[in-house]
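The next block is work.txt, given as compact mmCIF, N, CA and C atoms and all ligand atoms.
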# COMPACT_ATOMS: atom_id res chain seq x y z
N MET A 1 149.42 127.27 204.69
CA MET A 1 148.20 126.93 205.40
C MET A 1 148.16 125.43 205.66
N ASN A 2 147.58 125.08 206.79
CA ASN A 2 147.35 123.66 207.10
C ASN A 2 145.90 123.33 206.77
N ILE A 3 145.72 122.36 205.92
CA ILE A 3 144.38 122.00 205.45
C ILE A 3 144.13 120.52 205.74
N ALA A 4 142.98 120.21 206.35
CA ALA A 4 142.61 118.82 206.61
C ALA A 4 141.62 118.34 205.55
N LEU A 5 141.85 117.14 205.06
CA LEU A 5 140.98 116.52 204.05
C LEU A 5 140.40 115.24 204.66
N ILE A 6 139.09 115.16 204.66
CA ILE A 6 138.41 114.02 205.29
C ILE A 6 137.22 113.65 204.41
N ALA A 7 136.97 112.35 204.28
CA ALA A 7 135.75 111.93 203.58
C ALA A 7 135.22 110.64 204.19
N HIS A 8 133.93 110.58 204.39
CA HIS A 8 133.32 109.32 204.76
C HIS A 8 133.36 108.38 203.55
N ASP A 9 133.17 107.08 203.83
CA ASP A 9 133.46 106.08 202.80
C ASP A 9 132.74 106.34 201.47
N ARG A 10 131.47 106.65 201.54
CA ARG A 10 130.72 106.83 200.29
C ARG A 10 131.05 108.15 199.58
N LYS A 11 131.86 108.97 200.21
CA LYS A 11 132.24 110.25 199.61
C LYS A 11 133.72 110.28 199.21
N LYS A 12 134.39 109.16 199.43
CA LYS A 12 135.84 109.17 199.16
C LYS A 12 136.14 109.33 197.67
N ASP A 13 135.34 108.70 196.81
CA ASP A 13 135.59 108.87 195.37
C ASP A 13 135.43 110.34 194.98
N ASP A 14 134.41 110.99 195.54
CA ASP A 14 134.20 112.42 195.24
C ASP A 14 135.40 113.25 195.70
N LEU A 15 135.91 112.92 196.89
CA LEU A 15 137.04 113.71 197.42
C LEU A 15 138.29 113.52 196.55
N ILE A 16 138.52 112.28 196.13
CA ILE A 16 139.68 112.03 195.27
C ILE A 16 139.56 112.83 193.97
N GLN A 17 138.36 112.82 193.41
CA GLN A 17 138.12 113.59 192.17
C GLN A 17 138.37 115.08 192.44
N PHE A 18 137.90 115.55 193.57
CA PHE A 18 138.02 116.97 193.91
C PHE A 18 139.49 117.36 194.13
N VAL A 19 140.22 116.58 194.93
CA VAL A 19 141.61 116.97 195.21
C VAL A 19 142.48 116.83 193.96
N THR A 20 142.09 115.91 193.07
CA THR A 20 142.82 115.79 191.81
C THR A 20 142.61 117.06 190.97
N ALA A 21 141.37 117.53 190.93
CA ALA A 21 141.06 118.74 190.15
C ALA A 21 141.77 119.96 190.73
N TYR A 22 141.88 120.01 192.06
CA TYR A 22 142.45 121.19 192.72
C TYR A 22 143.88 120.95 193.22
N GLN A 23 144.51 119.94 192.66
CA GLN A 23 145.88 119.62 193.08
C GLN A 23 146.83 120.82 192.99
N PRO A 24 146.76 121.65 191.93
CA PRO A 24 147.70 122.79 191.87
C PRO A 24 147.56 123.73 193.06
N ILE A 25 146.36 123.94 193.55
CA ILE A 25 146.18 124.81 194.72
C ILE A 25 146.60 124.06 195.98
N LEU A 26 146.12 122.85 196.14
CA LEU A 26 146.38 122.10 197.38
C LEU A 26 147.87 121.82 197.58
N SER A 27 148.60 121.65 196.48
CA SER A 27 150.02 121.28 196.61
C SER A 27 150.85 122.43 197.19
N GLU A 28 150.28 123.62 197.26
CA GLU A 28 150.98 124.77 197.85
C GLU A 28 150.89 124.76 199.39
N HIS A 29 150.11 123.83 199.93
CA HIS A 29 149.81 123.87 201.36
C HIS A 29 150.19 122.55 202.03
N THR A 30 150.16 122.56 203.37
CA THR A 30 150.44 121.34 204.13
C THR A 30 149.11 120.62 204.36
N LEU A 31 149.05 119.39 203.90
CA LEU A 31 147.78 118.66 203.94
C LEU A 31 147.81 117.57 205.02
N TYR A 32 146.69 117.47 205.71
CA TYR A 32 146.48 116.44 206.72
C TYR A 32 145.23 115.67 206.33
N ALA A 33 145.12 114.43 206.80
CA ALA A 33 143.92 113.65 206.50
C ALA A 33 143.72 112.58 207.55
N THR A 34 142.47 112.15 207.68
CA THR A 34 142.22 110.95 208.48
C THR A 34 142.79 109.74 207.71
N GLY A 35 142.96 108.63 208.43
CA GLY A 35 143.76 107.52 207.93
C GLY A 35 143.42 106.98 206.55
N THR A 36 142.18 106.56 206.37
CA THR A 36 141.84 105.90 205.11
C THR A 36 141.75 106.90 203.98
N THR A 37 141.21 108.06 204.28
CA THR A 37 141.16 109.12 203.28
C THR A 37 142.58 109.48 202.82
N GLY A 38 143.48 109.63 203.79
CA GLY A 38 144.86 109.99 203.47
C GLY A 38 145.55 108.92 202.63
N ARG A 39 145.29 107.66 202.97
CA ARG A 39 145.88 106.56 202.20
C ARG A 39 145.48 106.65 200.73
N ARG A 40 144.21 106.91 200.52
CA ARG A 40 143.72 106.99 199.13
C ARG A 40 144.31 108.19 198.40
N ILE A 41 144.41 109.32 199.10
CA ILE A 41 144.98 110.51 198.44
C ILE A 41 146.44 110.24 198.04
N ILE A 42 147.18 109.62 198.96
CA ILE A 42 148.59 109.32 198.66
C ILE A 42 148.70 108.35 197.48
N ASP A 43 147.85 107.32 197.48
CA ASP A 43 147.93 106.29 196.44
C ASP A 43 147.44 106.78 195.08
N GLU A 44 146.47 107.71 195.09
CA GLU A 44 145.78 108.02 193.84
C GLU A 44 146.06 109.42 193.29
N THR A 45 146.86 110.22 194.03
CA THR A 45 147.22 111.55 193.52
C THR A 45 148.71 111.76 193.76
N ASP A 46 149.19 112.92 193.36
CA ASP A 46 150.61 113.24 193.61
C ASP A 46 150.77 114.11 194.86
N LEU A 47 149.74 114.21 195.67
CA LEU A 47 149.80 115.08 196.85
C LEU A 47 150.44 114.35 198.03
N ASP A 48 151.18 115.10 198.82
CA ASP A 48 151.71 114.59 200.09
C ASP A 48 150.71 114.90 201.19
N VAL A 49 150.49 113.93 202.05
CA VAL A 49 149.49 114.10 203.12
C VAL A 49 150.06 113.54 204.42
N ILE A 50 149.86 114.25 205.51
CA ILE A 50 150.19 113.73 206.83
C ILE A 50 148.95 113.02 207.35
N ARG A 51 149.08 111.73 207.64
CA ARG A 51 147.90 110.93 208.00
C ARG A 51 147.74 110.81 209.51
N PHE A 52 146.48 110.93 209.95
CA PHE A 52 146.13 110.64 211.33
C PHE A 52 145.48 109.25 211.39
N GLN A 53 144.96 108.92 212.57
CA GLN A 53 144.20 107.66 212.70
C GLN A 53 142.98 107.72 211.78
N SER A 54 142.46 106.56 211.49
CA SER A 54 141.18 106.52 210.78
C SER A 54 140.12 107.23 211.63
N GLY A 55 139.11 107.79 210.96
CA GLY A 55 138.10 108.55 211.69
C GLY A 55 137.50 107.82 212.88
N PRO A 56 136.98 106.59 212.69
CA PRO A 56 136.36 105.88 213.81
C PRO A 56 137.34 105.55 214.93
N LEU A 57 138.62 105.62 214.65
CA LEU A 57 139.64 105.30 215.66
C LEU A 57 140.27 106.55 216.27
N GLY A 58 139.68 107.72 216.00
CA GLY A 58 140.18 108.93 216.66
C GLY A 58 140.73 110.01 215.74
N GLY A 59 140.71 109.75 214.44
CA GLY A 59 141.29 110.73 213.50
C GLY A 59 140.60 112.08 213.52
N ASP A 60 139.27 112.07 213.66
CA ASP A 60 138.55 113.36 213.72
C ASP A 60 138.98 114.14 214.97
N GLN A 61 139.18 113.41 216.03
CA GLN A 61 139.57 114.07 217.29
C GLN A 61 140.99 114.62 217.19
N GLN A 62 141.86 113.92 216.49
CA GLN A 62 143.23 114.44 216.32
C GLN A 62 143.21 115.75 215.54
N ILE A 63 142.37 115.81 214.52
CA ILE A 63 142.26 117.05 213.75
C ILE A 63 141.63 118.14 214.62
N GLY A 64 140.65 117.75 215.44
CA GLY A 64 140.04 118.70 216.37
C GLY A 64 141.08 119.27 217.34
N ALA A 65 141.99 118.43 217.77
CA ALA A 65 143.03 118.90 218.69
C ALA A 65 143.91 119.95 218.01
N MET A 66 144.19 119.75 216.72
CA MET A 66 144.98 120.76 216.00
C MET A 66 144.23 122.09 215.93
N ILE A 67 142.91 122.01 215.72
CA ILE A 67 142.11 123.24 215.69
C ILE A 67 142.23 123.96 217.04
N ALA A 68 142.09 123.20 218.11
CA ALA A 68 142.12 123.81 219.45
C ALA A 68 143.47 124.44 219.75
N GLN A 69 144.52 123.96 219.08
CA GLN A 69 145.87 124.50 219.29
C GLN A 69 146.22 125.56 218.25
N ASN A 70 145.22 126.00 217.50
CA ASN A 70 145.44 127.03 216.47
C ASN A 70 146.44 126.57 215.41
N GLU A 71 146.33 125.30 215.04
CA GLU A 71 147.28 124.75 214.06
C GLU A 71 146.58 124.28 212.77
N MET A 72 145.29 124.57 212.64
CA MET A 72 144.60 124.12 211.44
C MET A 72 143.84 125.31 210.83
N ASP A 73 143.97 125.46 209.52
CA ASP A 73 143.42 126.65 208.86
C ASP A 73 142.14 126.39 208.08
N MET A 74 141.93 125.17 207.66
CA MET A 74 140.76 124.88 206.82
C MET A 74 140.47 123.39 206.89
N ILE A 75 139.18 123.07 206.90
CA ILE A 75 138.77 121.66 206.91
C ILE A 75 137.87 121.41 205.69
N ILE A 76 138.23 120.43 204.91
CA ILE A 76 137.36 119.98 203.82
C ILE A 76 136.93 118.56 204.19
N PHE A 77 135.67 118.43 204.51
CA PHE A 77 135.14 117.20 205.09
C PHE A 77 133.90 116.80 204.31
N PHE A 78 134.08 115.87 203.38
CA PHE A 78 132.94 115.39 202.60
C PHE A 78 132.19 114.35 203.44
N ARG A 79 131.18 114.84 204.12
CA ARG A 79 130.39 113.97 205.00
C ARG A 79 129.37 113.18 204.20
N ASP A 80 129.02 112.03 204.71
CA ASP A 80 127.93 111.24 204.14
C ASP A 80 126.69 111.49 204.99
N PRO A 81 125.74 112.26 204.47
CA PRO A 81 124.57 112.59 205.29
C PRO A 81 123.53 111.47 205.34
N LEU A 82 123.78 110.38 204.61
CA LEU A 82 122.77 109.32 204.50
C LEU A 82 123.16 108.04 205.23
N THR A 83 124.32 108.05 205.87
CA THR A 83 124.77 106.84 206.55
C THR A 83 125.15 107.16 207.99
N ALA A 84 124.62 106.40 208.93
CA ALA A 84 124.98 106.61 210.34
C ALA A 84 126.44 106.21 210.56
N GLN A 85 127.15 107.01 211.33
CA GLN A 85 128.57 106.74 211.60
C GLN A 85 128.72 106.31 213.06
N PRO A 86 129.51 105.28 213.32
CA PRO A 86 129.68 104.85 214.72
C PRO A 86 130.32 105.93 215.58
N HIS A 87 131.07 106.83 214.94
CA HIS A 87 131.78 107.87 215.68
C HIS A 87 131.14 109.25 215.44
N GLU A 88 129.83 109.25 215.31
CA GLU A 88 129.11 110.51 215.07
C GLU A 88 129.46 111.60 216.12
N PRO A 89 129.61 111.22 217.40
CA PRO A 89 130.00 112.27 218.36
C PRO A 89 131.32 112.94 218.02
N ASP A 90 132.26 112.18 217.46
CA ASP A 90 133.55 112.77 217.07
C ASP A 90 133.37 113.73 215.90
N VAL A 91 132.50 113.33 214.97
CA VAL A 91 132.23 114.18 213.80
C VAL A 91 131.62 115.50 214.26
N SER A 92 130.63 115.40 215.15
CA SER A 92 129.98 116.62 215.66
C SER A 92 130.98 117.48 216.42
N ALA A 93 131.84 116.85 217.19
CA ALA A 93 132.83 117.61 217.98
C ALA A 93 133.79 118.36 217.07
N LEU A 94 134.18 117.72 215.98
CA LEU A 94 135.09 118.38 215.04
C LEU A 94 134.42 119.61 214.42
N MET A 95 133.18 119.44 214.02
CA MET A 95 132.48 120.58 213.40
C MET A 95 132.23 121.68 214.43
N ARG A 96 131.96 121.29 215.63
CA ARG A 96 131.75 122.27 216.69
C ARG A 96 133.02 123.11 216.92
N LEU A 97 134.17 122.44 216.95
CA LEU A 97 135.42 123.18 217.17
C LEU A 97 135.70 124.14 216.02
N CYS A 98 135.32 123.76 214.80
CA CYS A 98 135.47 124.71 213.68
C CYS A 98 134.68 125.98 213.98
N ASP A 99 133.50 125.83 214.54
CA ASP A 99 132.69 127.01 214.86
C ASP A 99 133.26 127.77 216.06
N VAL A 100 133.78 127.04 217.03
CA VAL A 100 134.37 127.71 218.20
C VAL A 100 135.53 128.60 217.77
N TYR A 101 136.36 128.10 216.84
CA TYR A 101 137.59 128.81 216.47
C TYR A 101 137.52 129.49 215.11
N ASN A 102 136.33 129.54 214.52
CA ASN A 102 136.16 130.20 213.21
C ASN A 102 137.08 129.63 212.13
N VAL A 103 137.21 128.33 212.13
CA VAL A 103 137.98 127.67 211.07
C VAL A 103 137.03 127.31 209.94
N PRO A 104 137.31 127.74 208.71
CA PRO A 104 136.43 127.43 207.59
C PRO A 104 136.28 125.91 207.40
N LEU A 105 135.04 125.49 207.26
CA LEU A 105 134.72 124.07 207.14
C LEU A 105 133.80 123.87 205.95
N ALA A 106 134.23 123.07 204.99
CA ALA A 106 133.37 122.71 203.86
C ALA A 106 132.92 121.28 204.05
N THR A 107 131.61 121.06 204.06
CA THR A 107 131.13 119.69 204.22
C THR A 107 130.59 119.12 202.91
N ASN A 108 130.76 119.85 201.83
CA ASN A 108 130.38 119.30 200.52
C ASN A 108 131.23 119.96 199.43
N MET A 109 131.14 119.38 198.24
CA MET A 109 132.02 119.81 197.17
C MET A 109 131.77 121.26 196.74
N GLY A 110 130.51 121.68 196.79
CA GLY A 110 130.19 123.05 196.37
C GLY A 110 130.90 124.08 197.24
N THR A 111 130.82 123.89 198.54
CA THR A 111 131.48 124.83 199.45
C THR A 111 132.99 124.70 199.37
N ALA A 112 133.45 123.47 199.23
CA ALA A 112 134.90 123.25 199.17
C ALA A 112 135.50 124.00 197.99
N GLU A 113 134.79 124.01 196.88
CA GLU A 113 135.28 124.69 195.69
C GLU A 113 135.41 126.20 195.96
N VAL A 114 134.41 126.76 196.60
CA VAL A 114 134.46 128.20 196.91
C VAL A 114 135.62 128.50 197.87
N LEU A 115 135.80 127.65 198.87
CA LEU A 115 136.89 127.87 199.82
C LEU A 115 138.25 127.82 199.13
N LEU A 116 138.45 126.84 198.28
CA LEU A 116 139.77 126.74 197.63
C LEU A 116 140.00 127.89 196.66
N LYS A 117 138.94 128.31 195.98
CA LYS A 117 139.11 129.46 195.07
C LYS A 117 139.39 130.73 195.87
N GLY A 118 138.77 130.85 197.04
CA GLY A 118 139.06 131.98 197.92
C GLY A 118 140.48 131.93 198.44
N LEU A 119 140.91 130.74 198.78
CA LEU A 119 142.28 130.55 199.25
C LEU A 119 143.28 130.98 198.17
N GLU A 120 142.98 130.57 196.94
CA GLU A 120 143.85 130.91 195.81
C GLU A 120 143.95 132.42 195.61
N GLN A 121 142.84 133.11 195.87
CA GLN A 121 142.80 134.57 195.67
C GLN A 121 143.33 135.34 196.88
N GLY A 122 143.70 134.63 197.93
CA GLY A 122 144.25 135.30 199.10
C GLY A 122 143.20 135.86 200.04
N PHE A 123 141.96 135.35 199.94
CA PHE A 123 140.89 135.86 200.80
C PHE A 123 140.92 135.23 202.19
N VAL A 124 141.76 134.23 202.36
CA VAL A 124 141.68 133.45 203.59
C VAL A 124 142.66 134.00 204.61
N ASN A 125 142.19 134.95 205.42
CA ASN A 125 143.10 135.60 206.37
C ASN A 125 142.55 135.59 207.79
N TRP A 126 141.62 134.67 208.06
CA TRP A 126 141.01 134.65 209.39
C TRP A 126 142.01 134.35 210.49
N ARG A 127 143.06 133.61 210.15
CA ARG A 127 144.04 133.28 211.20
C ARG A 127 144.76 134.53 211.67
N LEU A 128 145.05 135.42 210.73
CA LEU A 128 145.67 136.70 211.13
C LEU A 128 144.76 137.45 212.07
N ILE A 129 143.48 137.47 211.71
CA ILE A 129 142.50 138.18 212.55
C ILE A 129 142.47 137.54 213.93
N ARG A 130 142.45 136.21 213.95
CA ARG A 130 142.42 135.49 215.23
C ARG A 130 143.68 135.78 216.05
N GLU A 131 144.82 135.77 215.36
CA GLU A 131 146.07 136.01 216.09
C GLU A 131 146.14 137.44 216.63
N GLN A 132 145.59 138.39 215.84
CA GLN A 132 145.60 139.78 216.32
C GLN A 132 144.74 139.94 217.58
N ARG A 133 143.68 139.13 217.64
CA ARG A 133 142.81 139.20 218.82
C ARG A 133 143.44 138.51 220.04
N GLY A 134 144.39 137.64 219.76
CA GLY A 134 145.13 136.97 220.83
C GLY A 134 144.43 135.78 221.36
O1 LIG B 201 135.42 108.63 209.35
C1 LIG B 201 135.99 109.58 208.88
C2 LIG B 201 135.64 110.94 209.30
O2 LIG B 201 134.64 110.99 210.29
C3 LIG B 201 137.05 109.42 207.90
O3 LIG B 201 137.98 108.48 208.35
P1 LIG B 201 138.85 107.66 207.30
O4 LIG B 201 139.52 108.66 206.40
O5 LIG B 201 139.84 106.88 208.08
O6 LIG B 201 137.88 106.79 206.54

Rewrite the structure from the file as structure tokens, please.
Ligand SMILES: O=C(CO)COP(=O)(O)O
Amino acid sequence: MNIALIAHDRKKDDLIQFVTAYQPILSEHTLYATGTTGRRIIDETDLDVIRFQSGPLGGDQQIGAMIAQNEMDMIIFFRDPLTAQPHEPDVSALMRLCDVYNVPLATNMGTAEVLLKGLEQGFVNWRLIREQRG
């Protein structure tokens, strides 16, 4: 599975803590991240991550493009709901594409935990369903 990991600045510590806790599950998959988030994951964990541009410089849109090409299976995006982002339209567009293509999106740690536990149990088969529909 291809999984994108993204966190706004005030949520990056939480994401690092989360991916460290779930490293055994995440290490089974191909991980992508926006620039700064990816840098921190690489520096602070043993996970390999393919990095895109930083979010404000187009990283959210690059991940959105993967969704549109049926190349992304799950998004874990720890958003900061209390800070305005200069690239808010990109953030909204990314979340919108998740809904367009039925890609599971966790925007907080509680949901992310459920998604990863579901992934571990083999419950995550929406891509097969999507591919069967053509
Ligand atoms: O801004 C982001 C997502 O909208 C995250 O980007 P960075 O990982 O580069 O900080």

| Given a cut-off of 7 Å, what residues near ligand LIG 201 (chain B) show up using all atoms listed in the file, put as a PyMOL selection string? | chain A and resi 5-9+33-39+52-57+59-60+87+90-91

| Selection near region 17-19 of chain A, 10 Å with only C-alpha atoms, sequence-local residues under 2 positions removed, as JSON, numbers by chain | {"A": [5, 12, 13, 14, 15, 21, 22, 23, 24, 25, 26, 27, 41, 44, 45, 46, 47, 109, 112, 113]}

| as a ChimeraX atom specification, which residues of chain A does DSSP assign to helix (DSSP H, G or I)? | /A:9-21,23-26,35-44,55-57,59-68,88-101,109-120,126-133

Where is the centre and how long are the edges: axis-aligned box on region 69-80 of chain A, 4 Å on each side, Å to one decimal, as lines of an AutoDock Vina configuration file:
center_x = 137.0
center_y = 119.1
center_z = 210.9
size_x = 28.6
size_y = 23.8
size_z = 24.7

| task | Identify which of the residues A:Gly58, A:Asn70, A:Asn108, A:Val103 lies closest to Pro89 (chain A), counting only C-alpha atoms when measuring atom-to-atom distances. | result | A:Gly58

| request: Grab the atom N of Ala65 (chain A) to atom C of Asp43 (chain A) distance for me, in Å with one decimal place. | output: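 These two atoms are separated by 26.1 Å.
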
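If you look at CA of Pro81 (chain A) and CA of Thr30 (chain A), they are 27.3 Å away from each other.
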
| request: Pick out the closest residue to Val100 (chain A) from this set: A:Met1, A:Val114, A:Ile67, A:Leu31. Count only C-alpha atoms. | output: A:Ile67

| query | How many Å separate atom C of Met95 (chain A) from atom C of Arg79 (chain A)? | reply |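 Answer for the atom C of Met95 (chain A) to atom C of Arg79 (chain A) separation: 13.6 Å.
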
| said: For a quick check of understanding, using only C-alpha atoms, which of A:Leu115, A:Met72, A:Ile42, A:Leu97 has the smallest distance to Thr20 (chain A)? | reply: A:Ile42

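When only N, CA and C atoms are used to measure the gap to Thr107 (chain A), the shortest distance among A:Glu120, A:Asp80, A:Glu88, A:Glu28 belongs to A:Asp80.
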
| request: Write down as a VMD selection string the residues belonging to region 73-127 of chain A that are assigned strand (DSSP E or B) by DSSP computed on the backbone. | output: chain A and resid 74 to 78 105 to 106

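The nearest approach to Ala106 (chain A) among the residues A:Met74, A:Ile16, A:Met66, A:Asn125, with only N, CA and C atoms taken into account, belongs to A:Met74.
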